[in-house]
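**Q** My file is protein.cif. It has mmCIF, C-alpha atoms and all ligand atoms:
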```
data_model
#
loop_
_atom_site.label_atom_id
_atom_site.label_comp_id
_atom_site.auth_asym_id
_atom_site.auth_seq_id
_atom_site.Cartn_x
_atom_site.Cartn_y
_atom_site.Cartn_z
CA MET D 189 -154.78 51.00 -115.28
CA THR D 190 -154.70 50.73 -111.50
CA SER D 191 -151.58 50.55 -109.37
CA GLU D 192 -152.82 47.15 -108.07
CA LEU D 193 -152.56 45.63 -111.56
CA PHE D 194 -148.88 44.77 -111.12
CA ASP D 195 -145.97 46.11 -109.16
CA LEU D 196 -142.86 47.36 -110.94
CA SER D 197 -141.08 48.74 -107.89
CA CYS D 198 -137.35 47.87 -107.92
CA LYS D 199 -137.56 47.44 -111.72
CA THR D 200 -135.86 49.73 -114.23
CA ALA D 201 -136.98 50.29 -117.80
CA LEU D 202 -135.04 51.95 -120.58
CA ILE D 203 -137.23 53.49 -123.27
CA THR D 204 -135.65 54.80 -126.46
CA GLY D 205 -137.75 57.58 -127.93
CA GLY D 206 -139.28 57.93 -124.48
CA ASN D 207 -139.68 61.71 -124.59
CA SER D 208 -142.80 61.78 -126.77
CA GLY D 209 -145.83 59.92 -128.09
CA ILE D 210 -145.99 56.17 -127.63
CA GLY D 211 -142.62 55.92 -125.83
CA LEU D 212 -143.66 58.52 -123.28
CA GLY D 213 -146.87 56.50 -122.87
CA TYR D 214 -144.81 53.37 -122.10
CA ALA D 215 -142.70 55.35 -119.62
CA LYS D 216 -145.74 56.80 -117.84
CA GLY D 217 -147.38 53.37 -117.60
CA ILE D 218 -144.23 51.92 -116.04
CA ALA D 219 -143.67 54.81 -113.64
CA ARG D 220 -147.34 54.66 -112.60
CA GLN D 221 -146.80 51.03 -111.58
CA GLY D 222 -143.75 51.99 -109.50
CA GLY D 223 -140.92 51.36 -111.98
CA ASP D 224 -137.87 53.56 -112.49
CA VAL D 225 -137.43 54.85 -116.01
CA CYS D 226 -134.58 56.05 -118.19
CA ILE D 227 -135.64 57.78 -121.39
CA TRP D 228 -133.46 58.45 -124.41
CA GLY D 229 -134.16 60.99 -127.15
CA ARG D 230 -132.22 63.44 -129.28
CA ASN D 231 -134.01 66.65 -128.40
CA PRO D 232 -132.99 68.09 -124.99
CA GLU D 233 -136.14 70.25 -124.63
CA LYS D 234 -138.44 67.27 -125.29
CA ASN D 235 -136.39 65.20 -122.86
CA LYS D 236 -136.72 67.88 -120.18
CA ARG D 237 -140.52 68.17 -120.64
CA ALA D 238 -140.92 64.39 -120.46
CA PHE D 239 -138.64 64.24 -117.41
CA ASP D 240 -140.87 66.77 -115.62
CA GLU D 241 -144.02 64.79 -116.45
CA LEU D 242 -142.50 61.47 -115.40
CA SER D 243 -141.08 62.85 -112.16
CA ALA D 244 -144.65 63.42 -110.93
CA PHE D 245 -145.00 59.63 -110.41
CA GLY D 246 -142.32 59.72 -107.70
CA THR D 247 -140.02 57.00 -109.03
CA GLU D 248 -136.44 57.51 -110.23
CA VAL D 249 -136.29 59.14 -113.66
CA HIS D 250 -133.34 60.02 -115.88
CA GLU D 251 -133.22 61.43 -119.36
CA MET D 252 -130.30 61.21 -121.76
CA VAL D 253 -129.62 62.83 -125.09
CA VAL D 254 -128.81 59.87 -127.32
CA ASP D 255 -129.01 59.33 -131.06
CA VAL D 256 -129.78 55.61 -131.35
CA ALA D 257 -128.43 55.56 -134.92
CA ASP D 258 -124.97 56.27 -133.48
CA GLU D 259 -123.54 52.94 -132.32
CA SER D 260 -120.89 54.34 -129.99
CA ALA D 261 -123.39 56.78 -128.44
CA VAL D 262 -125.67 53.83 -127.62
CA ILE D 263 -122.82 51.80 -126.12
CA ASP D 264 -121.79 54.75 -123.93
CA ALA D 265 -125.37 55.64 -122.96
CA PHE D 266 -126.19 52.05 -122.01
CA ALA D 267 -123.10 51.92 -119.77
CA GLU D 268 -124.16 55.23 -118.20
CA THR D 269 -127.71 53.90 -117.67
CA LEU D 270 -126.28 50.88 -115.84
CA ALA D 271 -124.00 53.10 -113.78
CA ILE D 272 -127.03 55.15 -112.65
CA PHE D 273 -129.60 52.40 -112.08
CA GLY D 274 -127.43 49.33 -111.55
CA ARG D 275 -129.65 47.21 -113.82
CA VAL D 276 -132.05 47.32 -116.76
CA ASP D 277 -135.04 44.97 -116.43
CA GLY D 278 -136.90 46.12 -119.52
CA CYS D 279 -135.66 47.67 -122.75
CA PHE D 280 -138.21 49.27 -125.05
CA ALA D 281 -136.64 49.86 -128.48
CA ASN D 282 -139.19 52.39 -129.57
CA ALA D 283 -137.33 55.30 -131.20
CA GLY D 284 -138.45 55.57 -134.78
CA VAL D 285 -138.97 57.88 -137.72
CA GLY D 286 -141.57 57.87 -140.45
CA SER D 287 -140.63 57.70 -144.11
CA GLY D 288 -141.51 60.21 -146.80
CA ARG D 289 -144.45 59.03 -148.90
CA ASN D 290 -142.27 58.35 -151.94
CA ALA D 291 -143.39 56.28 -154.87
CA PHE D 292 -141.18 53.20 -154.60
CA HIS D 293 -139.61 53.67 -158.03
CA GLU D 294 -138.45 57.14 -156.93
CA LEU D 295 -137.10 56.10 -153.54
CA SER D 296 -133.59 57.42 -152.89
CA ASN D 297 -130.81 55.53 -151.14
CA GLU D 298 -130.54 58.45 -148.69
CA GLU D 299 -134.18 58.13 -147.63
CA TRP D 300 -133.86 54.34 -147.32
CA ARG D 301 -130.76 54.69 -145.10
CA ARG D 302 -132.23 57.57 -143.05
CA VAL D 303 -135.19 55.45 -141.96
CA LEU D 304 -133.36 52.14 -141.51
CA SER D 305 -130.53 53.76 -139.54
CA VAL D 306 -132.99 54.69 -136.80
CA ASN D 307 -135.76 52.07 -137.08
CA LEU D 308 -133.42 49.10 -137.49
CA ASP D 309 -129.80 49.99 -136.67
CA GLY D 310 -130.94 51.98 -133.64
CA LEU D 311 -133.26 49.22 -132.45
CA MET D 312 -130.50 46.62 -132.83
CA TYR D 313 -127.88 48.70 -130.97
CA ALA D 314 -130.18 49.23 -127.98
CA LEU D 315 -131.49 45.65 -127.81
CA ARG D 316 -128.01 44.19 -128.29
CA ALA D 317 -126.70 46.15 -125.31
CA ALA D 318 -129.71 45.13 -123.20
CA ALA D 319 -129.47 41.46 -124.22
CA GLY D 320 -125.77 41.38 -123.30
CA HIS D 321 -126.52 42.87 -119.89
CA MET D 322 -129.43 40.46 -119.28
CA LYS D 323 -127.29 37.44 -120.22
CA GLU D 324 -124.55 38.62 -117.87
CA ARG D 325 -127.08 38.94 -115.07
CA ALA D 326 -128.48 35.48 -115.84
CA ASP D 327 -124.97 33.99 -115.74
CA ALA D 328 -124.57 35.60 -112.30
CA GLY D 329 -127.81 33.97 -111.04
CA ASP D 330 -130.18 36.89 -111.64
CA ALA D 331 -132.06 35.78 -114.75
CA GLY D 332 -134.92 37.71 -116.33
CA GLY D 333 -135.70 40.61 -118.56
CA ARG D 334 -138.14 42.08 -121.03
CA LEU D 335 -137.27 43.26 -124.54
CA VAL D 336 -139.90 45.13 -126.52
CA GLY D 337 -139.72 46.48 -130.05
CA THR D 338 -142.23 48.98 -131.38
CA SER D 339 -143.28 47.65 -134.77
CA SER D 340 -146.38 48.89 -136.59
CA ILE D 341 -149.56 47.58 -138.16
CA SER D 342 -148.02 48.76 -141.45
CA ALA D 343 -145.73 45.70 -141.17
CA VAL D 344 -148.62 43.35 -141.85
CA LEU D 345 -151.00 45.45 -143.95
CA GLY D 346 -150.16 46.79 -147.39
CA TYR D 347 -148.81 50.32 -146.87
CA PRO D 348 -148.59 52.13 -150.23
CA ARG D 349 -145.73 54.61 -150.59
CA GLY D 350 -144.40 53.32 -147.30
CA ALA D 351 -142.22 50.34 -148.23
CA THR D 352 -139.21 51.68 -146.31
CA TYR D 353 -141.13 52.26 -143.10
CA ALA D 354 -143.24 49.09 -143.41
CA GLY D 355 -140.15 47.03 -144.24
CA SER D 356 -138.32 48.35 -141.20
CA LYS D 357 -141.29 47.52 -138.98
CA ALA D 358 -141.75 44.01 -140.43
CA ALA D 359 -138.11 43.33 -139.63
CA VAL D 360 -138.78 44.33 -136.02
CA ILE D 361 -141.30 41.46 -135.72
CA ALA D 362 -138.81 38.91 -137.06
CA ILE D 363 -136.03 40.23 -134.82
CA MET D 364 -138.19 40.04 -131.70
CA GLN D 365 -139.35 36.50 -132.55
CA SER D 366 -135.75 35.45 -133.03
CA LEU D 367 -134.74 36.99 -129.70
CA ALA D 368 -137.72 35.39 -127.93
CA VAL D 369 -136.47 31.92 -128.83
CA GLU D 370 -132.77 32.69 -128.39
CA LEU D 371 -133.04 34.39 -125.00
CA ALA D 372 -135.79 32.29 -123.35
CA ARG D 373 -133.08 30.27 -121.59
CA TYR D 374 -132.14 33.46 -119.68
CA GLN D 375 -135.81 34.10 -118.78
CA VAL D 376 -135.80 37.08 -121.11
CA THR D 377 -138.98 37.59 -123.12
CA ALA D 378 -139.07 39.51 -126.40
CA ASN D 379 -142.20 40.96 -127.95
CA SER D 380 -143.31 43.39 -130.62
CA ILE D 381 -146.08 45.91 -130.27
CA LEU D 382 -147.93 46.78 -133.49
CA PRO D 383 -149.77 50.05 -132.96
CA GLY D 384 -152.36 51.20 -135.44
CA MET D 385 -152.70 54.92 -136.16
CA ILE D 386 -152.02 56.75 -132.88
CA GLU D 387 -152.19 60.52 -132.54
CA THR D 388 -148.58 61.56 -131.83
CA PRO D 389 -146.17 64.13 -133.29
CA MET D 390 -145.25 61.52 -135.94
CA THR D 391 -148.80 61.35 -137.32
CA GLU D 392 -149.80 64.96 -136.64
CA LYS D 393 -149.33 66.14 -140.22
CA ALA D 394 -151.23 63.23 -141.76
CA LEU D 395 -154.11 63.56 -139.34
CA GLN D 396 -154.36 67.29 -140.03
CA ASN D 397 -154.80 66.51 -143.71
CA GLU D 398 -158.58 66.57 -144.15
CA GLU D 399 -158.63 64.16 -147.10
CA PHE D 400 -156.39 61.57 -145.43
CA SER D 401 -158.01 61.92 -142.06
CA SER D 402 -161.62 61.51 -143.20
CA ALA D 403 -160.77 58.50 -145.39
CA PHE D 404 -158.64 56.83 -142.73
CA ILE D 405 -160.64 57.46 -139.57
CA SER D 406 -163.88 56.26 -141.17
CA ARG D 407 -162.17 52.89 -141.73
P1 LIG Z 501 -143.03 60.46 -131.88
O1 LIG Z 501 -143.86 61.05 -130.82
O2 LIG Z 501 -142.49 61.31 -132.97
O3 LIG Z 501 -141.84 59.66 -131.17
C1 LIG Z 501 -140.67 59.28 -131.82
C2 LIG Z 501 -139.62 59.18 -130.74
O4 LIG Z 501 -138.42 58.66 -131.29
C3 LIG Z 501 -139.30 60.54 -130.13
O5 LIG Z 501 -139.14 60.38 -128.75
C4 LIG Z 501 -137.98 60.92 -130.79
O6 LIG Z 501 -137.23 61.77 -129.93
C5 LIG Z 501 -137.34 59.54 -130.92
N1 LIG Z 501 -136.31 59.44 -131.94
C6 LIG Z 501 -136.44 59.59 -133.29
N2 LIG Z 501 -135.25 59.42 -133.87
C7 LIG Z 501 -134.35 59.13 -132.88
C8 LIG Z 501 -132.96 58.86 -132.84
N3 LIG Z 501 -132.22 58.84 -133.97
N4 LIG Z 501 -132.38 58.63 -131.66
C9 LIG Z 501 -133.11 58.65 -130.51
N5 LIG Z 501 -134.42 58.91 -130.48
C10 LIG Z 501 -135.03 59.15 -131.65
O7 LIG Z 501 -143.83 59.29 -132.63
P2 LIG Z 501 -144.56 57.98 -132.07
O8 LIG Z 501 -145.74 57.83 -132.92
O9 LIG Z 501 -144.69 57.98 -130.60
O10 LIG Z 501 -143.50 56.87 -132.52
C11 LIG Z 501 -142.92 55.96 -131.58
C12 LIG Z 501 -142.74 54.62 -132.27
O11 LIG Z 501 -144.03 54.09 -132.59
C13 LIG Z 501 -141.97 54.69 -133.58
O12 LIG Z 501 -141.09 53.58 -133.67
C14 LIG Z 501 -143.05 54.60 -134.63
O13 LIG Z 501 -142.58 54.09 -135.83
C15 LIG Z 501 -144.04 53.68 -133.95
N6 LIG Z 501 -145.41 53.69 -134.44
C16 LIG Z 501 -146.17 54.83 -134.38
C17 LIG Z 501 -147.49 54.80 -134.83
C18 LIG Z 501 -148.41 56.00 -134.78
O14 LIG Z 501 -149.50 55.95 -135.38
N7 LIG Z 501 -148.05 57.07 -134.08
C19 LIG Z 501 -148.02 53.63 -135.37
C20 LIG Z 501 -147.21 52.49 -135.41
C21 LIG Z 501 -145.92 52.53 -134.92
P3 LIG Z 501 -136.32 62.98 -130.49
O15 LIG Z 501 -137.13 63.73 -131.48
O16 LIG Z 501 -135.94 63.76 -129.28
O17 LIG Z 501 -135.14 62.30 -131.10
#
```
Rewrite the structure from the file as C-alpha cells, please.
Ligand code: NAP
**A**
Amino acid sequence: MTSELFDLSCKTALITGGNSGIGLGYAKGIARQGGDVCIWGRNPEKNKRAFDELSAFGTEVHEMVVDVADESAVIDAFAETLAIFGRVDGCFANAGVGSGRNAFHELSNEEWRRVLSVNLDGLMYALRAAAGHMKERADAGDAGGRLVGTSSISAVLGYPRGATYAGSKAAVIAIMQSLAVELARYQVTANSILPGMIETPMTEKALQNEEFSSAFISR
C-alpha cells in the first residue's frame, strides 16, 4: 500500500480489538494513510505495545481499556473517544473471541453466551454508538461514515465444532447488510470483512497443531 493510494488525513477511525492481529492491521493501514486512530482492547499491556507501534506513523493515536461486552463501558468509551477526537469517521467492530471446539450436542449455555457477548453484543454496542454519532453529524450537515464488521469465512463455509463462532460471524454479515441499507441516506456505508485463516494470537494454537496445520494449509 502506498501513501498515494488514498488520503485519510483529518479522518478518525475507532477500532475495537485494535491492539492485536487483524485489528492492529486495520489501525496500521489507516495510520499509514494519514488517519488518526483510537484502539480499544481489554489488556493494558497489549494496548501500550500497539500504541507504541502506531505512534510511529505520526498521526494522533489513543488507546483505551474497554470491554466491548460491557454496554455502559462502551457508551462511556465512545463519549470519551468523541471528546478526544471530536468525530469518528470509521468504526471497525473487530473485537472477537474464538469458541471452544465443542461438539454441538455438548455445547454449554456459558460458552454460547461467552462468545456471543463479545462477537455480537460487543459489535452491536460499538456500531450503535457510532451510527448514532454519524446520524447526528448528518443531521447537522456533515454526512458520511464507514462502519465495518469483522465477520469470518466460517460464516459461509461449514465449520464443524464451531457453530457458536460461525453463527456469531454469520449474524455480522446480516447486521452490516441491514445497516448498509438503513444508513445509506446519511452517506454511511456498512461492510463486512470475511477473513480466511490469518496467523494471529487467536489462531496461534491451531496453527501450532501439526495435524490441523498440515491438513488446513494444504487446502
Ligand atoms: P486477536 O489477535 O486475538 O485479536 C482479538 C482482539 O479482540 C484483541 O485485540 C483483543 O484484545 C480484542 N478483544 C477480545 N475480547 C474483547 C472484549 N471483550 N473487549 C474488547 N476487546 C476484546 O485475533 P484476530 O485474529 O486478530 O481477531 C480479530 C477479529 O478477526 C475477530 O473478530 C475474529 O473473530 C476475526 N477473524 C479472525 C480470523 C483469523 O484467522 N485470525 C479469521 C476470521 C475472522 P484484548 O485481548 O486486549 O481484549
**Q** May I ask which of the residues D:Asn282, D:Gln365, D:Thr247, D:Ser356 is the closest one to D:Ser208, counting all atoms listed in the file?
**A**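 Comparing D:Asn282, D:Gln365, D:Thr247, D:Ser356 against D:Ser208, the winner is D:Asn282.
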**Q** If we count all atoms listed in the file, what is near D:Ile210 at a cut-off of 10 Å, once residues fewer than 2 positions away on the same chain are taken out, given as an NGL selection string?
**A** :D and (205-208 or 212-216 or 282-283 or 338 or 383 or 386-390)
**Q** I need every residue sitting at most 12 Å from the point (-137.7, 54.1, -151.8) (coordinates as in the file, only C-alpha atoms considered), written as a VMD selection string.
**A** chain D and resid 287 to 304 348 to 355
**Q** Report the distance between atom O9 of ligand LIG 501 (chain Z) and atom CA of D:Gly274 in Å, rounded to one decimal place.
**A**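 Atom-to-atom, atom O9 of ligand LIG 501 (chain Z) to atom CA of D:Gly274, that is 27.1 Å.
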**Q** Show which residues sit within 12 Å of D:Ile263, as a list in words. Count all atoms listed in the file, and ignore same-chain residues fewer than 2 positions away.
**A**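 In the requested form, the answer reads Val254, Asp255, Val256, Ala257, Asp258, Glu259, Ser260, Ala261, Ala265, Phe266, Ala267, Glu268, Thr269, Leu270, Gly310, Met312, Tyr313, Ala314, Leu315, Arg316, Ala317, Ala318, Gly320 and His321 of chain D.
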**Q** D:Thr377: which residues within 12 Å, counting only C-alpha atoms, same-chain residues fewer than 3 positions away excluded, as a PyMOL selection string?
**A** chain D and resi 277-280+315+318-319+322+331-337+364-374+380
**Q** Quick one: write out the picked residues with C-alpha atoms as a CSV table (one decimal), keeping the file's coordinate frame?
**A**
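Now in part08.csv:
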```
chain,number,residue,atom,x,y,z
D,277,ASP,CA,-135.0,45.0,-116.4
D,278,GLY,CA,-136.9,46.1,-119.5
D,279,CYS,CA,-135.7,47.7,-122.8
D,280,PHE,CA,-138.2,49.3,-125.0
D,315,LEU,CA,-131.5,45.6,-127.8
D,318,ALA,CA,-129.7,45.1,-123.2
D,319,ALA,CA,-129.5,41.5,-124.2
D,322,MET,CA,-129.4,40.5,-119.3
D,331,ALA,CA,-132.1,35.8,-114.8
D,332,GLY,CA,-134.9,37.7,-116.3
D,333,GLY,CA,-135.7,40.6,-118.6
D,334,ARG,CA,-138.1,42.1,-121.0
D,335,LEU,CA,-137.3,43.3,-124.5
D,336,VAL,CA,-139.9,45.1,-126.5
D,337,GLY,CA,-139.7,46.5,-130.0
D,364,MET,CA,-138.2,40.0,-131.7
D,365,GLN,CA,-139.4,36.5,-132.6
D,366,SER,CA,-135.8,35.4,-133.0
D,367,LEU,CA,-134.7,37.0,-129.7
D,368,ALA,CA,-137.7,35.4,-127.9
D,369,VAL,CA,-136.5,31.9,-128.8
D,370,GLU,CA,-132.8,32.7,-128.4
D,371,LEU,CA,-133.0,34.4,-125.0
D,372,ALA,CA,-135.8,32.3,-123.4
D,373,ARG,CA,-133.1,30.3,-121.6
D,374,TYR,CA,-132.1,33.5,-119.7
D,380,SER,CA,-143.3,43.4,-130.6
```
**Q** From the list D:Gly346, D:Gly229, D:Gly223, D:Gly246, which residue is nearest ligand LIG 501 (chain Z) when using only C-alpha atoms and all ligand atoms?
**A** D:Gly229
**Q** With all atoms listed in the file as the basis for distance, which of D:Val376, D:Ala238, D:Val262, D:Ala271 is at the shortest distance from D:Leu311?
**A**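 Comparing D:Val376, D:Ala238, D:Val262, D:Ala271 against D:Leu311, the winner is D:Val262.
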**Q** In terms of the shortest atom-to-atom distance over only C-alpha atoms, which of D:Gln221, D:Ser339, D:Ser197, D:Gln375 is closest to D:Ala362?
**A**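 For D:Ala362, the nearest of the candidates is D:Ser339.
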**Q** I need the residue nearest ligand LIG 501 (chain Z) from this list: D:Val306, D:Ile272, D:Ile363, D:Ile381. Use all atoms listed in the file for the distance.
**A**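 For ligand LIG 501 (chain Z), the nearest of the given residues is D:Val306.
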**Q** Could you check the closest approach to ligand LIG 501 (chain Z) for each of D:Ala403, D:Met385, D:Val253, D:Ile227 and tell me which residue wins, using only C-alpha atoms and all ligand atoms?
**A**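 Among the listed residues, D:Met385 lies closest to ligand LIG 501 (chain Z).
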**Q** Have a look at atom CA of D:Arg407 and atom C14 of ligand LIG 501 (chain Z) and let me know their distance in Å, one decimal.
**A**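 Straight-line distance from atom CA of D:Arg407 to atom C14 of ligand LIG 501 (chain Z) works out to 20.5 Å.
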**Q** Set up a box along x, y and z of the file covering all listed atoms of ligand LIG 501 (chain Z), add 3 Å on every one of the six sides, and write the centre and edge lengths in Å to one decimal, as JSON.
**A**
```
{"center_x": -140.9, "center_y": 58.1, "center_z": -132.3, "size_x": 23.3, "size_y": 17.3, "size_z": 13.1}
```
**Q** Report, in Å to a single decimal, how far apart atom CA of D:Ile203 and atom C15 of ligand LIG 501 (chain Z) are.
**A**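 Result for atom C15 of ligand LIG 501 (chain Z) versus atom CA of D:Ile203: 12.7 Å, one decimal.
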